[in-house]
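Worksheet: one structure, shown below.
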Amino acid sequence: MSLSGLFPIDKWNFTSQSVLNNLPPEEYEELCAHMYEQEYGKGEVLFREGTLPGGILFIRQGKVKKYKMGRDGKEQIIYVANSGELIGYHAVLAGERYPDSAATLEKSVISFISKEDFLHVLERSAVLPQRLLKTLSHEFTVLTNSISVFATRSVKERLAIALIVLREKFKEEGAAAGEVVVNVSRHDLANMVGTGNENVVRFLKEFKTEGILATKGRKIIILDIKKLVELSGYGL
C-alpha cells in the first residue's frame with residue numbers, strides 16, 4: 001500500500017539518489033572513470049566520525065546506517081540510507097572531517113568516488129552544484145523534522161514512525177501483497193528511536209497483539225500500515 005495521503009514520507013527520506021541521475025555523459029563518465037566497487041558484510045564500518053574523507057560513497061546495493069556516538073558509547077542512528085543513495089559528500093563539500101559514522105545494516109555493495117574526481121567534476125559542471133544544493137536543503141528539512149520529533153513525540157510514536165520509514169526502505173522485499181518485511185535488529189531499532197531495547201520489545205509485542213505487525217526472529221512484517229500511521233500521530 002502506498003503512503004500517499006497517509007504519511008509525509010518525503011519529510012523522512014533524503015533525495016541523494018537523484019544527484020547522479022542523467023548527468024551529462026562526459027561528467028558521469030569522469031566520475032566513474034576511477035570509481036571502484038567493493039562488497040561489505042553486515043555491520044562493517046564505512047567511515048568513522050572525526051576522520052578525514054577521501055571521497056564519497058555510492059550505495060549500489062544494501063542499506064547503511066548513519067549514526068553518532070554518545071559519551072556513554074551508545075549509538076544514535078540519525079538516518080538509514082538505501083540503495084542508490086550517496087553518503088559522505090557533506091564532509092567533502094565542507095572540507096571538514098566526517099560529522100558522523102556509517103556502517104552497513106546488511107550485506108552491501110558500495111562504490112567509491114575519490115574526493116579529487118568528485119570536486120573536479122563539481123567545479124566544471126553546470127548541473128551538479130544545483131542538484132547538490134537542492135539535496136542539501138532537503139536534508140536540512142529532514143533532520144530538522146527528526147529533531148522536532150525527538151523533542152515532542154512519545155517513544156511509542158517514535159517507534160511507529162521508525163517502522164513506517166523502514167517499511168518504505170524495505171518495501172521492495174515484501175513477500176506478499178500488502179505486507180513488507182523489515183529486517184533490522186532490535187538494538188538498531190532502539191538506536192533509531194532513542195530508547196532502550198526493552199521498550200522496543202514491549203511496544204512491538206503490543207503492536208503484534210493489535211494485529212499491526214508480525215515477527216519472525218528479527219524480521220518484522222508490517223501488516224496494517226494505516227493503524228501504524230494512526231499510532232505515529234500522523235493519522236488523518
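Labels for the C-alpha cells follow display order: chains A, B, ..., residues from 1 in each chain, ligands from 1.
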
| message | Report as a VMD selection string all protein, DNA and RNA residues lying within 10 Å of Ala33 (chain A), evaluated on only C-alpha atoms, omitting residues in the same chain fewer than 5 positions from it. | response | chain A and resid 27 to 28 113 117

Could you pull out all residues of region 31-220 of chain A with a DSSP call of helix (DSSP H, G or I) and give them as an mmCIF file with C-alpha atoms, in the first residue's frame?
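Output (part32.cif):
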```cif
data_model
loop_
_atom_site.group_PDB
_atom_site.id
_atom_site.type_symbol
_atom_site.label_atom_id
_atom_site.label_comp_id
_atom_site.auth_asym_id
_atom_site.auth_seq_id
_atom_site.Cartn_x
_atom_site.Cartn_y
_atom_site.Cartn_z
ATOM 1 C CA LEU A 31 33.031 10.438 -12.112
ATOM 2 C CA CYS A 32 33.015 6.736 -12.902
ATOM 3 C CA ALA A 33 36.457 6.606 -14.537
ATOM 4 C CA TYR A 89 29.677 14.047 0.458
ATOM 5 C CA HIS A 90 28.815 16.586 3.174
ATOM 6 C CA ALA A 91 32.316 16.377 4.644
ATOM 7 C CA VAL A 92 33.910 16.557 1.183
ATOM 8 C CA LEU A 93 31.950 19.691 0.264
ATOM 9 C CA ALA A 94 32.690 21.359 3.603
ATOM 10 C CA LYS A 115 37.363 13.414 -3.456
ATOM 11 C CA GLU A 116 39.579 14.732 -6.258
ATOM 12 C CA ASP A 117 37.420 13.307 -9.038
ATOM 13 C CA PHE A 118 34.205 14.487 -7.394
ATOM 14 C CA LEU A 119 35.428 18.045 -6.793
ATOM 15 C CA HIS A 120 36.940 18.285 -10.281
ATOM 16 C CA VAL A 121 33.601 17.445 -11.914
ATOM 17 C CA LEU A 122 31.748 19.701 -9.463
ATOM 18 C CA GLU A 123 33.907 22.711 -10.388
ATOM 19 C CA ARG A 124 33.135 22.372 -14.097
ATOM 20 C CA LEU A 128 25.791 19.031 -10.264
ATOM 21 C CA PRO A 129 26.063 22.121 -7.979
ATOM 22 C CA GLN A 130 22.347 22.893 -8.356
ATOM 23 C CA ARG A 131 21.389 19.316 -7.578
ATOM 24 C CA LEU A 132 23.623 19.175 -4.525
ATOM 25 C CA LEU A 133 22.245 22.485 -3.224
ATOM 26 C CA LYS A 134 18.680 21.226 -3.607
ATOM 27 C CA THR A 135 19.558 17.900 -1.968
ATOM 28 C CA LEU A 136 21.352 19.522 0.966
ATOM 29 C CA SER A 137 18.424 21.894 1.529
ATOM 30 C CA HIS A 138 16.001 18.978 1.644
ATOM 31 C CA GLU A 139 18.266 17.031 4.016
ATOM 32 C CA PHE A 140 18.275 20.005 6.380
ATOM 33 C CA THR A 141 14.459 19.816 6.419
ATOM 34 C CA VAL A 142 14.557 16.065 7.109
ATOM 35 C CA LEU A 143 16.996 16.438 10.009
ATOM 36 C CA THR A 144 15.044 19.376 11.470
ATOM 37 C CA ASN A 145 11.896 17.261 11.355
ATOM 38 C CA SER A 146 13.696 14.402 13.113
ATOM 39 C CA ILE A 147 14.937 16.690 15.889
ATOM 40 C CA SER A 148 11.418 18.026 16.403
ATOM 41 C CA VAL A 149 10.003 14.506 16.693
ATOM 42 C CA PHE A 150 12.544 13.509 19.340
ATOM 43 C CA ALA A 151 11.619 16.584 21.355
ATOM 44 C CA THR A 152 7.831 16.293 21.129
ATOM 45 C CA VAL A 155 8.620 6.606 22.492
ATOM 46 C CA LYS A 156 5.615 4.708 21.125
ATOM 47 C CA GLU A 157 5.008 7.345 18.459
ATOM 48 C CA ARG A 158 8.708 7.462 17.547
ATOM 49 C CA LEU A 159 8.768 3.684 17.163
ATOM 50 C CA ALA A 160 5.722 3.809 14.887
ATOM 51 C CA ILE A 161 7.414 6.496 12.757
ATOM 52 C CA ALA A 162 10.661 4.488 12.587
ATOM 53 C CA LEU A 163 8.754 1.394 11.404
ATOM 54 C CA ILE A 164 6.912 3.415 8.747
ATOM 55 C CA VAL A 165 10.186 4.843 7.427
ATOM 56 C CA LEU A 166 11.879 1.435 7.452
ATOM 57 C CA ARG A 167 8.876 -0.083 5.683
ATOM 58 C CA GLU A 168 9.435 2.362 2.834
ATOM 59 C CA LYS A 169 13.083 1.339 2.591
ATOM 60 C CA PHE A 170 12.384 -2.407 2.725
ATOM 61 C CA LYS A 171 9.140 -2.466 0.737
ATOM 62 C CA GLU A 172 10.715 -3.957 -2.380
ATOM 63 C CA GLU A 173 11.407 -7.068 -0.316
ATOM 64 C CA ARG A 186 16.004 -4.686 17.955
ATOM 65 C CA HIS A 187 19.216 -2.949 19.032
ATOM 66 C CA ASP A 188 19.422 -0.880 15.829
ATOM 67 C CA LEU A 189 15.709 -0.132 16.019
ATOM 68 C CA ALA A 190 16.130 1.107 19.599
ATOM 69 C CA ASN A 191 19.022 3.309 18.472
ATOM 70 C CA MET A 192 16.813 4.818 15.774
ATOM 71 C CA VAL A 193 14.039 5.548 18.253
ATOM 72 C CA ASN A 197 15.888 -2.357 23.802
ATOM 73 C CA GLU A 198 13.327 -3.359 26.435
ATOM 74 C CA ASN A 199 10.956 -0.557 25.393
ATOM 75 C CA VAL A 200 11.168 -1.570 21.730
ATOM 76 C CA VAL A 201 10.452 -5.217 22.587
ATOM 77 C CA ARG A 202 7.486 -4.222 24.785
ATOM 78 C CA PHE A 203 5.863 -2.000 22.162
ATOM 79 C CA LEU A 204 6.487 -4.499 19.362
ATOM 80 C CA LYS A 205 4.592 -7.098 21.406
ATOM 81 C CA GLU A 206 1.772 -4.583 21.844
ATOM 82 C CA PHE A 207 1.691 -3.837 18.105
ATOM 83 C CA LYS A 208 1.700 -7.570 17.408
ATOM 84 C CA THR A 209 -1.272 -8.134 19.733
#
```

| task | Just list the residues in region 190-229 of chain A DSSP gives strand (DSSP E) on the backbone, as a PyMOL selection string. | result | chain A and resi 213-216+219-222

| Residue among A:Asn21, A:Gly194, A:Gly217, A:Gly5 lying closest to Tyr234 (chain A), counting only C-alpha atoms |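 Going through A:Asn21, A:Gly194, A:Gly217, A:Gly5 one by one, the smallest distance to Tyr234 (chain A) is for A:Gly5.
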
| task | Return the single residue from A:Leu52, A:Phe58, A:Asp100, A:Tyr36 that is closest to Gly70 (chain A), with distances computed using only C-alpha atoms. | result |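 Nearest to Gly70 (chain A): A:Asp100.
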
| What is the distance, in Å and to one decimal place, between CA of Leu46 (chain A) and CA of Arg71 (chain A)? | 21.0 Å

| query | Skipping near chain neighbours, those fewer than 6 positions away, what residues fall within 10 Å of Arg97 (chain A) using only C-alpha atoms, listed as a PyMOL selection string? | reply | chain A and resi 48-54+88+90-91

| request: Write out as a ChimeraX atom specification which residues come within 6 Å of Ala102 (chain A) when counting only C-alpha atoms, dropping same-chain ones fewer than 2 positions away. | output: /A:45-47,65-66

Those selected residues, please, written with N, CA and C atoms and delivered as a tab-separated table (two decimals), in the first residue's frame.
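Below you can see result_15.tsv, which holds the result:
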```tsv
chain	number	residue	atom	x	y	z
A	45	VAL	N	32.06	-1.07	9.19
A	45	VAL	CA	32.13	0.39	9.25
A	45	VAL	C	32.71	0.93	7.95
A	46	LEU	N	32.04	1.92	7.37
A	46	LEU	CA	32.49	2.54	6.12
A	46	LEU	C	33.34	3.77	6.39
A	47	PHE	N	32.97	4.56	7.39
A	47	PHE	CA	33.81	5.65	7.87
A	47	PHE	C	33.39	6.00	9.29
A	65	LYS	N	23.54	2.50	7.86
A	65	LYS	CA	23.09	3.39	8.94
A	65	LYS	C	24.13	4.49	9.15
A	66	LYS	N	23.65	5.72	9.32
A	66	LYS	CA	24.50	6.84	9.70
A	66	LYS	C	24.19	7.13	11.16
```

| task | Report the distance between CA of Phe112 (chain A) and CA of Gln61 (chain A) in Å, rounded to one decimal place. | result |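 About the pair CA of Phe112 (chain A) and CA of Gln61 (chain A): they are 13.0 Å apart.
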
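When only C-alpha atoms are used to measure the gap to Gly84 (chain A), the shortest distance among A:Leu231, A:Met35, A:Val127, A:Val19 belongs to A:Val19.
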
| said: Measuring between only C-alpha atoms, which one of A:Ser154, A:Ser111, A:Thr104, A:Gln17 shows the shortest distance to Ile56 (chain A)? | reply: A:Ser111

| So which one's closest to Leu20 (chain A), A:Leu6, A:Val182, A:Leu86, A:Ile212? Using only C-alpha atoms, please. |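 That would be A:Leu86, the residue with the smallest distance to Leu20 (chain A).
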